[in-house]
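File shown: target-v1.cif (mmCIF, C-alpha atoms and all ligand atoms).
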```cif
data_protein
#
loop_
_atom_site.label_atom_id
_atom_site.label_comp_id
_atom_site.auth_asym_id
_atom_site.auth_seq_id
_atom_site.Cartn_x
_atom_site.Cartn_y
_atom_site.Cartn_z
CA MET A 25 0.93 22.86 4.07
CA ARG A 26 3.25 22.34 7.01
CA TYR A 27 4.90 18.96 7.04
CA GLU A 28 6.70 17.10 9.77
CA GLY A 29 9.47 14.71 8.70
CA ASP A 30 9.59 12.75 5.47
CA ILE A 31 6.28 12.28 3.71
CA TYR A 32 5.27 9.07 1.96
CA ARG A 33 2.42 8.64 -0.46
CA PRO A 34 1.34 5.96 -2.94
CA PRO A 35 2.76 6.48 -6.46
CA SER A 36 -0.74 7.09 -7.81
CA GLU A 37 -1.09 10.09 -5.49
CA ALA A 38 1.85 11.90 -7.11
CA TYR A 39 -0.33 14.86 -8.10
CA SER A 40 -2.51 14.95 -5.00
CA TYR A 41 -2.39 17.52 -2.27
CA ILE A 42 -1.07 15.71 0.80
CA LEU A 43 -2.68 16.53 4.09
CA GLN A 44 -0.77 15.29 7.12
CA ALA A 45 -3.45 14.44 9.66
CA THR A 46 -1.33 12.02 11.64
CA ILE A 47 2.39 11.97 12.26
CA GLY A 48 3.97 8.56 11.73
CA CYS A 49 2.40 5.10 11.85
CA ALA A 50 0.49 3.80 14.87
CA HIS A 51 1.91 0.32 14.29
CA ASN A 52 5.47 1.15 13.20
CA LYS A 53 6.80 -2.38 13.78
CA CYS A 54 7.11 -3.99 10.34
CA THR A 55 10.64 -5.35 10.06
CA PHE A 56 11.30 -4.13 6.51
CA CYS A 57 9.87 -0.62 6.88
CA THR A 58 11.84 2.53 7.51
CA SER A 59 9.16 5.03 6.57
CA PHE A 60 8.16 6.35 9.96
CA LYS A 61 10.87 5.06 12.29
CA ALA A 62 11.96 8.59 13.18
CA LYS A 63 8.45 9.67 14.15
CA LYS A 64 6.50 9.05 17.32
CA PHE A 65 2.89 8.51 16.35
CA ARG A 66 0.38 11.23 17.14
CA ILE A 67 -2.81 12.65 15.73
CA ARG A 68 -2.63 16.33 14.88
CA PRO A 69 -5.21 18.64 16.46
CA LEU A 70 -8.09 19.29 14.11
CA ALA A 71 -7.48 23.06 14.27
CA GLU A 72 -3.98 22.58 12.84
CA VAL A 73 -5.26 20.32 10.06
CA PHE A 74 -7.90 22.91 9.18
CA GLU A 75 -5.24 25.63 9.08
CA ASP A 76 -3.27 23.54 6.59
CA LEU A 77 -6.34 23.07 4.43
CA GLU A 78 -7.03 26.81 4.50
CA MET A 79 -3.42 27.53 3.55
CA ALA A 80 -3.66 25.05 0.69
CA ARG A 81 -6.85 26.75 -0.51
CA ARG A 82 -5.08 30.10 -0.61
CA TYR A 83 -2.09 28.62 -2.42
CA TYR A 84 -3.64 26.25 -5.00
CA ARG A 85 -6.33 27.25 -7.46
CA HIS A 86 -7.45 23.72 -8.26
CA ILE A 87 -7.08 20.50 -6.26
CA GLU A 88 -8.61 17.35 -7.67
CA LYS A 89 -7.26 14.76 -5.28
CA ILE A 90 -6.32 14.85 -1.62
CA PHE A 91 -4.36 12.16 0.17
CA ILE A 92 -4.59 11.99 3.96
CA ALA A 93 -1.23 10.97 5.45
CA ASP A 94 0.76 9.67 7.39
CA GLY A 95 1.08 5.90 7.77
CA ASP A 96 -2.38 4.78 8.77
CA ALA A 97 -4.53 7.85 9.20
CA LEU A 98 -7.62 5.63 9.05
CA VAL A 99 -6.82 4.76 12.66
CA CYS A 100 -8.40 8.12 13.63
CA LYS A 101 -11.90 8.18 15.05
CA ASN A 102 -14.72 8.73 12.59
CA ASP A 103 -15.77 12.10 14.03
CA TYR A 104 -12.27 13.39 13.35
CA LEU A 105 -12.15 12.03 9.80
CA MET A 106 -15.69 13.21 9.05
CA ALA A 107 -14.76 16.72 10.20
CA ILE A 108 -11.79 16.70 7.80
CA LEU A 109 -13.94 15.44 4.93
CA ASP A 110 -16.53 18.15 5.69
CA LYS A 111 -13.84 20.81 5.63
CA ILE A 112 -12.48 19.47 2.33
CA LYS A 113 -15.97 19.65 0.80
CA GLU A 114 -16.39 23.20 2.05
CA LEU A 115 -13.01 24.47 0.86
CA PHE A 116 -12.40 22.30 -2.22
CA PRO A 117 -15.71 21.70 -4.01
CA GLU A 118 -13.65 20.69 -7.09
CA CYS A 119 -11.98 17.79 -5.23
CA GLN A 120 -12.88 14.48 -6.91
CA ARG A 121 -11.36 12.00 -4.51
CA VAL A 122 -9.96 11.74 -1.01
CA SER A 123 -7.73 8.80 -0.19
CA ILE A 124 -6.04 7.45 2.91
CA TYR A 125 -3.64 4.77 4.17
CA GLY A 126 -5.28 2.24 6.46
CA ARG A 127 -4.67 -1.05 8.19
CA ALA A 128 -7.04 -4.00 8.33
CA LYS A 129 -7.71 -3.40 12.02
CA ASP A 130 -8.72 0.21 11.29
CA ILE A 131 -11.34 -1.00 8.81
CA LEU A 132 -12.58 -3.77 11.11
CA ARG A 133 -12.83 -1.39 14.09
CA LYS A 134 -15.22 0.85 12.20
CA THR A 135 -18.88 -0.07 11.89
CA GLU A 136 -20.43 -0.45 8.46
CA GLU A 137 -22.37 2.76 9.12
CA GLU A 138 -19.15 4.63 9.86
CA LEU A 139 -17.48 3.40 6.67
CA ILE A 140 -20.56 4.28 4.63
CA ALA A 141 -20.54 7.77 6.17
CA LEU A 142 -16.87 8.21 5.17
CA ARG A 143 -17.62 6.96 1.65
CA ASP A 144 -20.61 9.25 1.27
CA ASN A 145 -18.55 12.16 2.50
CA GLY A 146 -15.85 11.71 -0.14
CA LEU A 147 -13.49 8.93 0.94
CA GLY A 148 -12.76 7.30 -2.40
CA ILE A 149 -10.03 4.74 -1.78
CA ILE A 150 -8.13 3.02 1.03
CA TYR A 151 -4.48 2.04 0.50
CA MET A 152 -3.26 -0.89 2.52
CA GLY A 153 0.05 -2.76 2.77
CA VAL A 154 -0.72 -6.47 2.95
CA GLU A 155 2.82 -7.58 1.98
CA SER A 156 2.17 -11.34 1.94
CA GLY A 157 -0.67 -13.81 2.17
CA ASN A 158 1.42 -16.31 4.12
CA PRO A 159 0.68 -16.40 7.87
CA VAL A 160 4.24 -17.36 8.87
CA ILE A 161 5.76 -14.53 6.85
CA LEU A 162 3.23 -12.07 8.28
CA GLU A 163 4.30 -13.07 11.80
CA ARG A 164 7.96 -12.92 10.94
CA ILE A 165 7.76 -9.41 9.48
CA LYS A 166 5.66 -8.28 12.48
CA LYS A 167 2.77 -7.09 10.36
CA GLY A 168 0.55 -7.24 13.41
CA GLU A 169 -2.43 -8.48 11.38
CA THR A 170 -3.47 -11.93 10.28
CA ARG A 171 -4.34 -13.18 6.82
CA GLU A 172 -7.95 -13.64 7.94
CA GLU A 173 -8.22 -10.10 9.34
CA MET A 174 -6.88 -8.62 6.14
CA ILE A 175 -9.26 -10.65 3.96
CA GLU A 176 -12.21 -9.65 6.13
CA ALA A 177 -11.22 -5.97 6.09
CA VAL A 178 -10.77 -5.74 2.33
CA ARG A 179 -14.00 -7.58 1.64
CA LYS A 180 -15.80 -5.30 4.08
CA ALA A 181 -14.53 -2.10 2.44
CA GLU A 182 -15.06 -3.34 -1.11
CA GLY A 183 -18.50 -4.67 -0.20
CA LEU A 184 -19.47 -1.21 1.02
CA GLY A 185 -18.31 0.42 -2.19
CA ILE A 186 -14.94 1.68 -0.98
CA PRO A 187 -12.23 0.56 -3.43
CA THR A 188 -9.02 -0.78 -1.94
CA SER A 189 -5.52 -0.57 -3.35
CA LEU A 190 -3.22 -3.19 -1.84
CA THR A 191 0.53 -3.66 -1.94
CA PHE A 192 2.33 -6.99 -1.75
CA LEU A 193 6.04 -7.67 -1.54
CA SER A 194 7.90 -10.01 -3.81
CA GLY A 195 10.83 -11.64 -2.03
CA ILE A 196 9.59 -10.90 1.51
CA GLY A 197 9.66 -14.64 2.29
CA GLY A 198 13.30 -14.78 1.25
CA ARG A 199 14.75 -17.80 -0.48
CA ALA A 200 13.37 -20.12 2.17
CA MET A 201 9.73 -19.22 1.59
CA TRP A 202 9.40 -17.83 -1.94
CA ARG A 203 6.95 -20.55 -2.97
CA GLU A 204 4.74 -20.04 0.07
CA ASN A 205 4.85 -16.28 -0.47
CA ALA A 206 3.82 -16.63 -4.13
CA ILE A 207 1.03 -19.18 -3.63
CA ASP A 208 -0.48 -17.67 -0.48
CA THR A 209 -0.28 -14.14 -1.87
CA GLY A 210 -2.00 -15.30 -5.04
CA THR A 211 -4.77 -16.96 -3.07
CA ILE A 212 -5.21 -14.02 -0.68
CA ILE A 213 -5.73 -11.72 -3.67
CA SER A 214 -8.29 -14.21 -5.01
CA GLU A 215 -10.15 -14.18 -1.70
CA MET A 216 -9.96 -10.44 -1.19
CA GLU A 217 -10.89 -9.35 -4.73
CA PRO A 218 -9.43 -5.85 -4.32
CA THR A 219 -9.87 -3.16 -6.95
CA TYR A 220 -6.09 -2.70 -7.25
CA ALA A 221 -3.19 -4.99 -6.37
CA SER A 222 0.43 -3.87 -6.64
CA PHE A 223 3.34 -6.26 -6.42
CA LEU A 224 6.55 -4.50 -5.36
CA THR A 225 9.95 -6.10 -4.82
CA VAL A 226 11.49 -6.02 -1.38
CA MET A 227 14.63 -3.93 -0.87
CA VAL A 228 16.49 -4.37 2.38
CA VAL A 229 17.39 -1.11 4.03
CA PRO A 230 20.27 -0.93 6.56
CA GLY A 231 19.05 -0.21 10.05
CA THR A 232 15.92 -2.33 9.72
CA PRO A 233 15.38 -5.60 11.61
CA LEU A 234 15.15 -7.33 8.22
CA HIS A 235 18.64 -6.10 7.40
CA ASP A 236 19.89 -7.49 10.72
CA GLU A 237 18.31 -10.84 9.82
CA MET A 238 20.03 -10.75 6.47
CA MET A 239 23.39 -9.99 8.09
CA ARG A 240 22.91 -12.97 10.42
CA GLY A 241 22.16 -15.18 7.42
CA GLU A 242 18.55 -15.71 8.48
CA PHE A 243 17.08 -13.99 5.44
CA GLU A 244 18.29 -14.31 1.86
CA LEU A 245 17.26 -12.03 -0.97
CA LEU A 246 16.08 -13.61 -4.21
CA ARG A 247 18.05 -13.15 -7.43
CA PRO A 248 16.20 -11.20 -10.16
CA ASP A 249 15.28 -14.36 -12.10
CA GLU A 250 13.91 -15.87 -8.87
CA VAL A 251 11.87 -12.74 -8.23
CA LEU A 252 10.32 -13.16 -11.68
CA LYS A 253 9.64 -16.84 -11.05
CA GLU A 254 7.91 -15.91 -7.81
CA ALA A 255 5.76 -13.35 -9.66
CA GLN A 256 4.83 -16.01 -12.21
CA LEU A 257 3.72 -18.43 -9.50
CA LEU A 258 1.79 -15.63 -7.79
CA LEU A 259 -0.12 -14.82 -10.99
CA GLU A 260 -0.82 -18.52 -11.60
CA ASN A 261 -2.53 -18.57 -8.20
CA ILE A 262 -4.75 -15.54 -8.68
CA ASN A 263 -8.30 -16.39 -9.64
CA VAL A 264 -10.54 -13.37 -9.35
CA LYS A 265 -14.06 -13.05 -10.67
CA LYS A 266 -14.21 -9.27 -10.40
CA THR A 267 -11.68 -7.21 -12.38
CA CYS A 268 -8.55 -6.44 -10.39
CA ILE A 269 -6.12 -3.88 -11.76
CA PHE A 270 -2.72 -5.50 -11.30
CA ARG A 271 0.49 -3.49 -11.29
CA SER A 272 4.08 -4.54 -10.83
CA ASN A 273 5.69 -1.46 -12.31
CA HIS A 274 7.11 0.17 -9.19
CA ALA A 275 10.66 1.53 -9.10
CA SER A 276 11.65 -1.54 -7.06
CA ASN A 277 10.54 -4.07 -9.71
CA TYR A 278 13.02 -5.70 -12.09
CA VAL A 279 10.50 -6.03 -14.92
CA SER A 280 7.55 -3.75 -15.43
CA LEU A 281 4.20 -5.49 -15.62
CA LYS A 282 0.66 -4.24 -15.76
CA GLY A 283 -2.70 -5.59 -16.74
CA ASP A 284 -6.21 -6.32 -15.62
CA LEU A 285 -6.99 -9.63 -13.98
CA PRO A 286 -8.20 -12.11 -14.94
CA GLN A 287 -8.14 -11.15 -18.63
CA ASP A 288 -4.43 -10.22 -18.91
CA ARG A 289 -3.10 -12.96 -16.65
CA GLU A 290 -1.73 -15.27 -19.36
CA ALA A 291 -0.02 -12.42 -21.23
CA MET A 292 1.71 -11.25 -18.03
CA ILE A 293 2.79 -14.82 -17.22
CA GLU A 294 4.28 -15.15 -20.72
CA ARG A 295 6.21 -11.90 -20.28
CA LEU A 296 7.61 -13.16 -16.98
CA LYS A 297 8.65 -16.49 -18.54
CA VAL A 298 10.54 -14.69 -21.31
CA ALA A 299 12.13 -12.25 -18.86
CA GLN A 300 13.42 -15.02 -16.58
CA ASN A 301 15.92 -16.04 -19.27
CA ASN A 302 16.62 -12.59 -20.63
CA SER A 303 18.58 -10.38 -18.26
CA SER A 304 18.54 -7.50 -20.74
CA MET A 305 14.89 -7.03 -19.72
CA TRP A 306 15.81 -6.52 -16.05
CA LYS A 307 16.11 -3.11 -14.49
CA ASP A 308 19.67 -2.33 -13.50
CA GLU A 309 20.15 -2.65 -9.74
CA ARG A 310 21.39 0.98 -9.67
CA PHE A 311 18.00 2.23 -10.82
CA ARG A 312 15.88 0.30 -8.40
CA MET A 313 14.46 2.26 -5.51
CA LEU A 314 11.70 2.28 -2.94
S1 LIG B 401 2.03 -0.59 8.85
FE1 LIG B 401 2.94 0.25 6.97
S2 LIG B 401 3.84 2.21 7.58
FE2 LIG B 401 3.42 1.08 9.47
S3 LIG B 401 5.34 0.02 9.94
FE3 LIG B 401 4.11 -1.39 8.72
S4 LIG B 401 4.71 -1.05 6.59
FE4 LIG B 401 5.48 0.70 7.79
#
```

Will you turn the file into structure tokens for me?
Amino acid sequence: MRYEGDIYRPPSEAYSYILQATIGCAHNKCTFCTSFKAKKFRIRPLAEVFEDLEMARRYYRHIEKIFIADGDALVCKNDYLMAILDKIKELFPECQRVSIYGRAKDILRKTEEELIALRDNGLGIIYMGVESGNPVILERIKKGETREEMIEAVRKAEGLGIPTSLTFLSGIGGRAMWRENAIDTGTIISEMEPTYASFLTVMVVPGTPLHDEMMRGEFELLRPDEVLKEAQLLLENINVKKTCIFRSNHASNYVSLKGDLPQDREAMIERLKVAQNNSSMWKDERFRML
């Protein structure tokens, strides 16, 4: 119930109680990200986290979903996370799902037994920012994780029955690498087979290294029609066997798109083709946001 700094959560956790177990992001180096720049990463003492949960119990009569923040709370040791999940069970028997932000390395660092224990104790979904499937772009944006690590991590979690919800960034390769971003992001989704994949559109925020690159002419944003062309090529390169819930309806997107893959792929591609030549379908720049 006590929060430090700005709080970020996935759009689908809009109605969840947010529990801040960590402050900031342990990585905090991605060149496009401003979320936790003002925070020095630390893990909150368990006693404080429990106090927050107890306060929330006194304040809210019914909590169905709990999201564990900040940036990559999955970095915490399993004993710590298991203690939080135990406390949630004790205080919120009505809670249906606990979710968390994680990085590939957090998943890979944990043993299968540890992940199973988290799953069996209520962890219902892991959110992860993949951003791009292209290795050069991943290096350039300082993601700190490789394509291979991210594929392995997502397959590991999904294989153990923990759904993953992944975000990817349209335009993060700039004009120079839009094709590579589209094709390699499509193929990484095919290899990962996540439960959810969200395709957002990059927005360059002043003060970020990406903004500096743009000012130096080293990074060029795509026009809206190019963003849509990139999304089309991305979809053309996704071939999943297991249903993947695909969303590109974030506040940053020019055209709202949603469907299940593979069954809705052609319909979404058609919508993108029509939208590329019809600017009245594009969201006004003034209404786009992160
Ligand atoms: S891992 Fe996520 S939260 Fe951390 S710096 Fe990168 S994009 Fe931002």

Given the point (-7.2, 11.1, 9.2) in the file's coordinates, find the residues that have an atom at most 10 Å from it, counting all atoms listed in the file, and give them as a ChimeraX atom specification.
/A:43-46,67-68,70,73,91-109,123-126

To one decimal place, how far is CA of Asn158 (chain A) from CA of Thr225 (chain A) in Å?
16.0 Å

Length of the CA of Asn302 (chain A) to CA of Ser280 (chain A) vector [Å]
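Distance between the two atoms: 13.7 Å.
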
Taking (7.6, -19.2, -6.1) in the file's own coordinates, collect the residues within 6 Å, counting all atoms listed in the file, and hand them back as a PyMOL selection string.
chain A and resi 202-203+206+253-254+257

Mind running chain A against ligand LIG 401 (chain B) at 12 Å and telling me each contacting residue's nearest atom pair with the distance in Å (one decimal), counting only C-alpha atoms and all ligand atoms, chain and number ascending, as JSON lines?
```
{"residue": "A:Ile31", "atom": "CA", "partner": "B:LIG401", "partner_atom": "S2", "distance": 11.1}
{"residue": "A:Tyr32", "atom": "CA", "partner": "B:LIG401", "partner_atom": "S2", "distance": 9.0}
{"residue": "A:Arg33", "atom": "CA", "partner": "B:LIG401", "partner_atom": "S2", "distance": 10.4}
{"residue": "A:Pro34", "atom": "CA", "partner": "B:LIG401", "partner_atom": "S2", "distance": 11.4}
{"residue": "A:Thr46", "atom": "CA", "partner": "B:LIG401", "partner_atom": "S2", "distance": 11.8}
{"residue": "A:Ile47", "atom": "CA", "partner": "B:LIG401", "partner_atom": "S2", "distance": 10.9}
{"residue": "A:Gly48", "atom": "CA", "partner": "B:LIG401", "partner_atom": "S2", "distance": 7.6}
{"residue": "A:Cys49", "atom": "CA", "partner": "B:LIG401", "partner_atom": "FE2", "distance": 4.8}
{"residue": "A:Ala50", "atom": "CA", "partner": "B:LIG401", "partner_atom": "FE2", "distance": 6.7}
{"residue": "A:His51", "atom": "CA", "partner": "B:LIG401", "partner_atom": "FE2", "distance": 5.1}
{"residue": "A:Asn52", "atom": "CA", "partner": "B:LIG401", "partner_atom": "S3", "distance": 3.5}
{"residue": "A:Lys53", "atom": "CA", "partner": "B:LIG401", "partner_atom": "S3", "distance": 4.8}
{"residue": "A:Cys54", "atom": "CA", "partner": "B:LIG401", "partner_atom": "FE3", "distance": 4.3}
{"residue": "A:Thr55", "atom": "CA", "partner": "B:LIG401", "partner_atom": "S3", "distance": 7.5}
{"residue": "A:Phe56", "atom": "CA", "partner": "B:LIG401", "partner_atom": "S4", "distance": 7.3}
{"residue": "A:Cys57", "atom": "CA", "partner": "B:LIG401", "partner_atom": "FE4", "distance": 4.7}
{"residue": "A:Thr58", "atom": "CA", "partner": "B:LIG401", "partner_atom": "FE4", "distance": 6.6}
{"residue": "A:Ser59", "atom": "CA", "partner": "B:LIG401", "partner_atom": "FE4", "distance": 5.8}
{"residue": "A:Phe60", "atom": "CA", "partner": "B:LIG401", "partner_atom": "S2", "distance": 6.4}
{"residue": "A:Lys61", "atom": "CA", "partner": "B:LIG401", "partner_atom": "S3", "distance": 7.8}
{"residue": "A:Ala62", "atom": "CA", "partner": "B:LIG401", "partner_atom": "S3", "distance": 11.3}
{"residue": "A:Lys63", "atom": "CA", "partner": "B:LIG401", "partner_atom": "S2", "distance": 11.0}
{"residue": "A:Lys64", "atom": "CA", "partner": "B:LIG401", "partner_atom": "FE2", "distance": 11.6}
{"residue": "A:Phe65", "atom": "CA", "partner": "B:LIG401", "partner_atom": "FE2", "distance": 10.1}
{"residue": "A:Ala93", "atom": "CA", "partner": "B:LIG401", "partner_atom": "S2", "distance": 10.3}
{"residue": "A:Asp94", "atom": "CA", "partner": "B:LIG401", "partner_atom": "S2", "distance": 8.1}
{"residue": "A:Gly95", "atom": "CA", "partner": "B:LIG401", "partner_atom": "S2", "distance": 4.6}
{"residue": "A:Asp96", "atom": "CA", "partner": "B:LIG401", "partner_atom": "S2", "distance": 6.8}
{"residue": "A:Ala97", "atom": "CA", "partner": "B:LIG401", "partner_atom": "S2", "distance": 10.2}
{"residue": "A:Leu98", "atom": "CA", "partner": "B:LIG401", "partner_atom": "S1", "distance": 11.5}
{"residue": "A:Val99", "atom": "CA", "partner": "B:LIG401", "partner_atom": "S1", "distance": 11.0}
{"residue": "A:Tyr125", "atom": "CA", "partner": "B:LIG401", "partner_atom": "FE1", "distance": 8.5}
{"residue": "A:Gly126", "atom": "CA", "partner": "B:LIG401", "partner_atom": "S1", "distance": 8.2}
{"residue": "A:Arg127", "atom": "CA", "partner": "B:LIG401", "partner_atom": "S1", "distance": 6.7}
{"residue": "A:Ala128", "atom": "CA", "partner": "B:LIG401", "partner_atom": "S1", "distance": 9.7}
{"residue": "A:Lys129", "atom": "CA", "partner": "B:LIG401", "partner_atom": "S1", "distance": 10.6}
{"residue": "A:Asp130", "atom": "CA", "partner": "B:LIG401", "partner_atom": "S1", "distance": 11.1}
{"residue": "A:Tyr151", "atom": "CA", "partner": "B:LIG401", "partner_atom": "FE1", "distance": 10.0}
{"residue": "A:Met152", "atom": "CA", "partner": "B:LIG401", "partner_atom": "FE1", "distance": 7.7}
{"residue": "A:Gly153", "atom": "CA", "partner": "B:LIG401", "partner_atom": "FE1", "distance": 5.9}
{"residue": "A:Val154", "atom": "CA", "partner": "B:LIG401", "partner_atom": "S4", "distance": 8.5}
{"residue": "A:Glu155", "atom": "CA", "partner": "B:LIG401", "partner_atom": "S4", "distance": 8.2}
{"residue": "A:Ser156", "atom": "CA", "partner": "B:LIG401", "partner_atom": "S4", "distance": 11.6}
{"residue": "A:Leu162", "atom": "CA", "partner": "B:LIG401", "partner_atom": "FE3", "distance": 10.7}
{"residue": "A:Ile165", "atom": "CA", "partner": "B:LIG401", "partner_atom": "FE3", "distance": 8.8}
{"residue": "A:Lys166", "atom": "CA", "partner": "B:LIG401", "partner_atom": "FE3", "distance": 8.0}
{"residue": "A:Lys167", "atom": "CA", "partner": "B:LIG401", "partner_atom": "FE3", "distance": 6.1}
{"residue": "A:Gly168", "atom": "CA", "partner": "B:LIG401", "partner_atom": "S1", "distance": 8.2}
{"residue": "A:Glu169", "atom": "CA", "partner": "B:LIG401", "partner_atom": "S1", "distance": 9.4}
{"residue": "A:Leu190", "atom": "CA", "partner": "B:LIG401", "partner_atom": "FE1", "distance": 11.3}
{"residue": "A:Thr191", "atom": "CA", "partner": "B:LIG401", "partner_atom": "S4", "distance": 9.9}
{"residue": "A:Phe192", "atom": "CA", "partner": "B:LIG401", "partner_atom": "S4", "distance": 10.5}
{"residue": "A:Leu193", "atom": "CA", "partner": "B:LIG401", "partner_atom": "S4", "distance": 10.6}
{"residue": "A:Val226", "atom": "CA", "partner": "B:LIG401", "partner_atom": "S4", "distance": 11.6}
{"residue": "A:Thr232", "atom": "CA", "partner": "B:LIG401", "partner_atom": "S3", "distance": 10.8}
{"residue": "A:Pro233", "atom": "CA", "partner": "B:LIG401", "partner_atom": "S3", "distance": 11.6}
```

Extract, using all atoms listed in the file, all DNA, RNA and protein residues at most 10 Å from Ala299 (chain A), discarding same-chain residues fewer than 3 positions from it, and format them as an mmCIF file with C-alpha atoms, in the coordinates of the input.
```
data_model
loop_
_atom_site.group_PDB
_atom_site.id
_atom_site.type_symbol
_atom_site.label_atom_id
_atom_site.label_comp_id
_atom_site.auth_asym_id
_atom_site.auth_seq_id
_atom_site.Cartn_x
_atom_site.Cartn_y
_atom_site.Cartn_z
ATOM 1 C CA PRO A 248 16.200 -11.200 -10.160
ATOM 2 C CA ASP A 249 15.280 -14.360 -12.100
ATOM 3 C CA LEU A 252 10.320 -13.160 -11.680
ATOM 4 C CA LYS A 253 9.640 -16.840 -11.050
ATOM 5 C CA TYR A 278 13.020 -5.700 -12.090
ATOM 6 C CA VAL A 279 10.500 -6.030 -14.920
ATOM 7 C CA ILE A 293 2.790 -14.820 -17.220
ATOM 8 C CA GLU A 294 4.280 -15.150 -20.720
ATOM 9 C CA ARG A 295 6.210 -11.900 -20.280
ATOM 10 C CA LEU A 296 7.610 -13.160 -16.980
ATOM 11 C CA ASN A 302 16.620 -12.590 -20.630
ATOM 12 C CA SER A 303 18.580 -10.380 -18.260
ATOM 13 C CA SER A 304 18.540 -7.500 -20.740
ATOM 14 C CA MET A 305 14.890 -7.030 -19.720
ATOM 15 C CA TRP A 306 15.810 -6.520 -16.050
#
```

Could you give me the centre and size, in Å to one decimal, of an axis-aligned box around all listed atoms of region 259-264 of chain A with 8 Å added on every side, as AutoDock Vina command-line options?
```
--center_x -5.3 --center_y -16.0 --center_z -9.9 --size_x 26.4 --size_y 21.2 --size_z 19.4
```

At what distance in Å, to one decimal, does CA of Ile87 (chain A) lie from CA of Cys268 (chain A)?
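We find that CA of Cys268 (chain A) and CA of Ile87 (chain A) lie 27.3 Å from each other.
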
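Nearest to Val160 (chain A) of all the residues A:Val298, A:Ala200, A:Ala141, A:Leu77 is A:Ala200, counting all atoms listed in the file.
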
Using all atoms listed in the file, can you tell me which of A:Met292, A:Ile212, A:Asp284, A:Glu237 comes closest to Ile262 (chain A)?
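Ranked by minimum distance to Ile262 (chain A), first place goes to A:Ile212.
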
For Arg271 (chain A), list every protein, DNA or RNA residue within 8 Å, evaluated using only C-alpha atoms, and leave out those in the same chain fewer than 3 positions away; present the list as a list of chain:residue names.
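Listed by chain and then number, they are A:Tyr220, A:Ala221, A:Ser222, A:Phe223, A:His274, A:Leu281, A:Lys282, A:Gly283.
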
Point out the residue among A:Glu260, A:Asp288, A:Glu244, A:Glu28 with the least atom-to-atom distance to Met201 (chain A), counting only C-alpha atoms.
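Closest candidate: A:Glu244.
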